[in-house]
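Let me begin by presenting the structure, written as structure tokens, before commenting on it.
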There are 2 protein chains.
Amino acid sequence: MNPSPYLLLTPGPVAVPSFVREAISQQTMQHHSQAFYDFYEAFLNKLKYLFQTQQTTLAMIGNGSMGMEALISSLFWEQDKVLVVSMGKFSKRWANYVRLLGLNLLEIEINWGKTVSPEQILQVLEKETEVKGMILTHCETSTGALLDIEEIVFAVKQKYPSILAVVDAISLVGALPFYFDDWKIDAAVVAAQKALMNPTGTCYFALSEQAVAQLQPSDAGDARNLYNYYHAAQKNSYPYSPPVQLFYGVNAVLDYMINKKLPVIWNETLVASRTFKKFVLENKGLIWSELPSDSLTTFSFPDQDMTQLKAACIANGVEMSGGQDDWKGKIMRISHLGLYDTSVITKAMEVILHNINLKKY
Amino acid sequence: MNPSPYLLLTPGPVAVPSFVREAISQQTMQHHSQAFYDFYEAFLNKLKYLFQTQQTTLAMIGNGSMGMEALISSLFWEQDKVLVVSMGKFSKRWANYVRLLGLNLLEIEINWGKTVSPEQILQVLEKETEVKGMILTHCETSTGALLDIEEIVFAVKQKYPSILAVVDAISLVGALPFYFDDWKIDAAVVAAQKALMNPTGTCYFALSEQAVAQLQPSDAGDARNLYNYYHAAQKNSYPYSPPVQLFYGVNAVLDYMINKKLPVIWNETLVASRTFKKFVLENKGLIWSELPSDSLTTFSFPDQDMTQLKAACIANGVEMSGGQDDWKGKIMRISHLGLYDTSVITKAMEVILHNINLKKY
């Protein structure tokens, strides 16, 4: 049960549990010290469990956008041809960023809320040569739509093993099944303020050997180049001033996840999501995505002003998000990330039901 | 008095006071909310006091290096000619970064520990045309050497008013006198883990109108472009997921500084520095910089293995830094940043004296 009567149920930031808040309030430590090296080594190892990988994990100061920029600018160079599936606010951002870097952008643009099949991607790839990588958004937070990463990466890597599969897993890793190694992903990023239930300010990466081989030195002072983080991590150190307290907080959640076991947490997310989605449908509401993620639900009710409903829910102590850009005013989004129990979802449903009824009758 | 018997006296990170640790342990808030906009508006205003400016202030996720990169990449474009005074590990990093961005680097490289006069800079500028900006490091943390920013910027701007004066004030703002407007600086950055006594993870900027006029849109998803932060700040919002709890911590220190008054804090730094520097000289030690900053002291003792002395001090509960790169093993560095009283400096001096004597007799 959330300790506060006020429920923050936006798909990031997620309410920070008290054990995390306690962890980040610990004193800092010098990073040029054995104590830090020991901590950081163990920390990077725990991240391997989170991503389900035995390959490289890294940590960096940044939010999700900064993390994706670091990935894209560290893995691709000059005229590299990079395919991006753009299907909402954030994936569109990665497409624009690829263009901004002067890379050769190959964009598959699909309508908000829609998903794309492995076949559609293969069709595009068949017409191209020398595609260096593809950037996929596992869960597009602006719409709640999923890509079936397992299927897509399997299909593409089978035919084009040299294409790097880069996955924005920002609002999914830790909440739902994600198998970096088994799914043959080459690079993934997650941000602290999502399923890791931490303050915004850090992001975390998994990199395959194939991805690591693409890293190139630029300059030691190029703080966006993951080469520097990889290189420093070989000595269990961080190449700049590290965000020590933010690492403490994420470390506490990794311990929690290791103890509780990821499948148990994944299942909790699933139960919350399915309960909520069933509630929406039973009340004649609409789930807005073709392949909806279970890390959030994007929904609306007929004849219901969603901006007004969102405000009414906030007035009743439950904060959810509205739509962004194209979907502004049309939808609401509720997060299923973080410490969740049935009382949380029950409260959210009660508040929504109460306010729909108020409007309707 | 530092509450712990263990004293962290490295020139970053600085020990985080308990009132800051309490502030960052508060619950997060949604950033697309009036509560956040109100908080952020007041927060950016308090930063004006810190920098002593009535112009623009901004906040960003990042450490000092990421902050300098954001400044350099946001203010200069394409073939802009940019002068960098390189005088130690960090200022050299800014020179390399200017080169990496493909800008036209004009480097004044001076020996570690040395400073540069306004005349030397003017001499270089006289031979050049169309210099767009100059990057100055107020206190070079790797050596403890100062640049006299007030004198240099005054001299240069009088003759070349269009040259942007960009100042790395990372390890100085908040600890020692710094007058952004009066000194006619165009852009400055400070990092949270220095005089702001906060966890590493955020950096803060002041920008003159002349600097703001140089900002250019790239893409909304370019999280290193300060244009996006400036643009969002017009509506009291942050363009990406903001580091809410880290802002809470810095906000608490800004309140502390506003209540205590900056000159009182600046004077405490000065007293600690002078006391320590006098102690070094009285014990036949050496202060390693031509124009030493009072935010830290870089020192050595004759016939003393400084690596050994540093280790001995840590064993006695006082952690200071050693030298970096060229100065590795040759020096020690003690910070005068943060919550400081005479007992802290006394303890540090006692421990040093104890260990010098052990070696000598």
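The way I read the labels, and the way they are meant: chains A, B, ... in the order of the structure tokens, residue 1 as the first residue of every chain, and ligand 1 as the first ligand shown, with later ones counted on from there.
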Closest-contact table, chain B side, partner chain A, 8 Å, counting only C-alpha atoms, as JSON lines:
{"residue": "B:Leu8", "atom": "CA", "partner": "A:Gln30", "partner_atom": "CA", "distance": 7.6}
{"residue": "B:Thr10", "atom": "CA", "partner": "A:Gln30", "partner_atom": "CA", "distance": 7.5}
{"residue": "B:Gly12", "atom": "CA", "partner": "A:Gln30", "partner_atom": "CA", "distance": 8.0}
{"residue": "B:Pro13", "atom": "CA", "partner": "A:Gln30", "partner_atom": "CA", "distance": 6.5}
{"residue": "B:Val14", "atom": "CA", "partner": "A:Thr28", "partner_atom": "CA", "distance": 7.9}
{"residue": "B:Ala15", "atom": "CA", "partner": "A:Thr28", "partner_atom": "CA", "distance": 6.4}
{"residue": "B:Val16", "atom": "CA", "partner": "A:Gln27", "partner_atom": "CA", "distance": 6.2}
{"residue": "B:Arg21", "atom": "CA", "partner": "A:Ser25", "partner_atom": "CA", "distance": 4.5}
{"residue": "B:Glu22", "atom": "CA", "partner": "A:Ser25", "partner_atom": "CA", "distance": 6.5}
{"residue": "B:Ile24", "atom": "CA", "partner": "A:Ser25", "partner_atom": "CA", "distance": 6.7}
{"residue": "B:Ser25", "atom": "CA", "partner": "A:Arg21", "partner_atom": "CA", "distance": 4.5}
{"residue": "B:Gln26", "atom": "CA", "partner": "A:Arg21", "partner_atom": "CA", "distance": 7.0}
{"residue": "B:Gln27", "atom": "CA", "partner": "A:Val16", "partner_atom": "CA", "distance": 6.2}
{"residue": "B:Thr28", "atom": "CA", "partner": "A:Ala15", "partner_atom": "CA", "distance": 6.4}
{"residue": "B:Met29", "atom": "CA", "partner": "A:Pro13", "partner_atom": "CA", "distance": 7.5}
{"residue": "B:Gln30", "atom": "CA", "partner": "A:Pro13", "partner_atom": "CA", "distance": 6.5}
{"residue": "B:Ile61", "atom": "CA", "partner": "A:Gly62", "partner_atom": "CA", "distance": 6.0}
{"residue": "B:Gly62", "atom": "CA", "partner": "A:Ile61", "partner_atom": "CA", "distance": 6.0}
{"residue": "B:Asn63", "atom": "CA", "partner": "A:Ser241", "partner_atom": "CA", "distance": 6.5}
{"residue": "B:Gly64", "atom": "CA", "partner": "A:Ser241", "partner_atom": "CA", "distance": 8.0}
{"residue": "B:Ser65", "atom": "CA", "partner": "A:Ala223", "partner_atom": "CA", "distance": 6.8}
{"residue": "B:Met66", "atom": "CA", "partner": "A:Ala223", "partner_atom": "CA", "distance": 6.0}
{"residue": "B:Glu69", "atom": "CA", "partner": "A:Asp222", "partner_atom": "CA", "distance": 7.7}
{"residue": "B:Arg93", "atom": "CA", "partner": "A:Gly221", "partner_atom": "CA", "distance": 5.3}
{"residue": "B:Trp94", "atom": "CA", "partner": "A:Gly221", "partner_atom": "CA", "distance": 7.4}
{"residue": "B:Asn96", "atom": "CA", "partner": "A:Asp219", "partner_atom": "CA", "distance": 6.9}
{"residue": "B:Tyr97", "atom": "CA", "partner": "A:Gly221", "partner_atom": "CA", "distance": 6.5}
{"residue": "B:Leu100", "atom": "CA", "partner": "A:Asp219", "partner_atom": "CA", "distance": 7.3}
{"residue": "B:Pro199", "atom": "CA", "partner": "A:Gln245", "partner_atom": "CA", "distance": 6.1}
{"residue": "B:Thr200", "atom": "CA", "partner": "A:Pro243", "partner_atom": "CA", "distance": 4.5}
{"residue": "B:Gly201", "atom": "CA", "partner": "A:Pro243", "partner_atom": "CA", "distance": 5.2}
{"residue": "B:Ser218", "atom": "CA", "partner": "A:Leu100", "partner_atom": "CA", "distance": 7.4}
{"residue": "B:Asp219", "atom": "CA", "partner": "A:Asn96", "partner_atom": "CA", "distance": 6.9}
{"residue": "B:Ala220", "atom": "CA", "partner": "A:Arg93", "partner_atom": "CA", "distance": 7.4}
{"residue": "B:Gly221", "atom": "CA", "partner": "A:Arg93", "partner_atom": "CA", "distance": 5.3}
{"residue": "B:Asp222", "atom": "CA", "partner": "A:Tyr97", "partner_atom": "CA", "distance": 6.7}
{"residue": "B:Ala223", "atom": "CA", "partner": "A:Met66", "partner_atom": "CA", "distance": 6.0}
{"residue": "B:Arg224", "atom": "CA", "partner": "A:Met66", "partner_atom": "CA", "distance": 7.9}
{"residue": "B:Tyr240", "atom": "CA", "partner": "A:Ser65", "partner_atom": "CA", "distance": 7.5}
{"residue": "B:Ser241", "atom": "CA", "partner": "A:Asn63", "partner_atom": "CA", "distance": 6.4}
{"residue": "B:Pro242", "atom": "CA", "partner": "A:Thr200", "partner_atom": "CA", "distance": 6.3}
{"residue": "B:Pro243", "atom": "CA", "partner": "A:Thr200", "partner_atom": "CA", "distance": 4.5}
{"residue": "B:Val244", "atom": "CA", "partner": "A:Thr200", "partner_atom": "CA", "distance": 6.8}
{"residue": "B:Gln245", "atom": "CA", "partner": "A:Pro199", "partner_atom": "CA", "distance": 6.1}
{"residue": "B:Leu246", "atom": "CA", "partner": "A:Pro199", "partner_atom": "CA", "distance": 7.9}
query: Which residues in segment 173-342 of chain A does DSSP call helix (DSSP H, G or I)? List them as a ChimeraX atom specification.
result: /A:209-212,226-233,244-260,262-282,306-315,325-327,342
task: Do a neighbour search on Leu207 of chain A at 6 Å with only C-alpha atoms, toss out local chain neighbours closer than 6 positions, and write the hits as JSON, numbers by chain.
output: {"A": [56, 186, 187]}
- request: For segment 256-271 of chain B, list every protein, DNA or RNA residue within 9 Å, evaluated using only C-alpha atoms, and leave out those in the same chain fewer than 5 positions away; present the list as a ChimeraX atom specification.
  value: /B:46,49-50,174-177,251,276,294-296,336-342
- prompt: If you run DSSP on the backbone, which residues of segment 84-253 of chain A are strand (DSSP E), as JSON, numbers by chain?
  reply: {"A": [84, 85, 86, 104, 105, 106, 107, 108, 109, 131, 132, 133, 134, 135, 136, 137, 139, 140, 145, 146, 164, 165, 166, 167, 168, 187, 188, 189, 190, 191, 202, 203, 204, 205, 206, 207]}
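The list of residues with at least one atom within 7 Å of segment 116-119 of chain B, based on only C-alpha atoms and without residues fewer than 4 positions apart in the same chain, reads Gln123, Leu147, Glu151, Ile152 and Ala155 of chain B.
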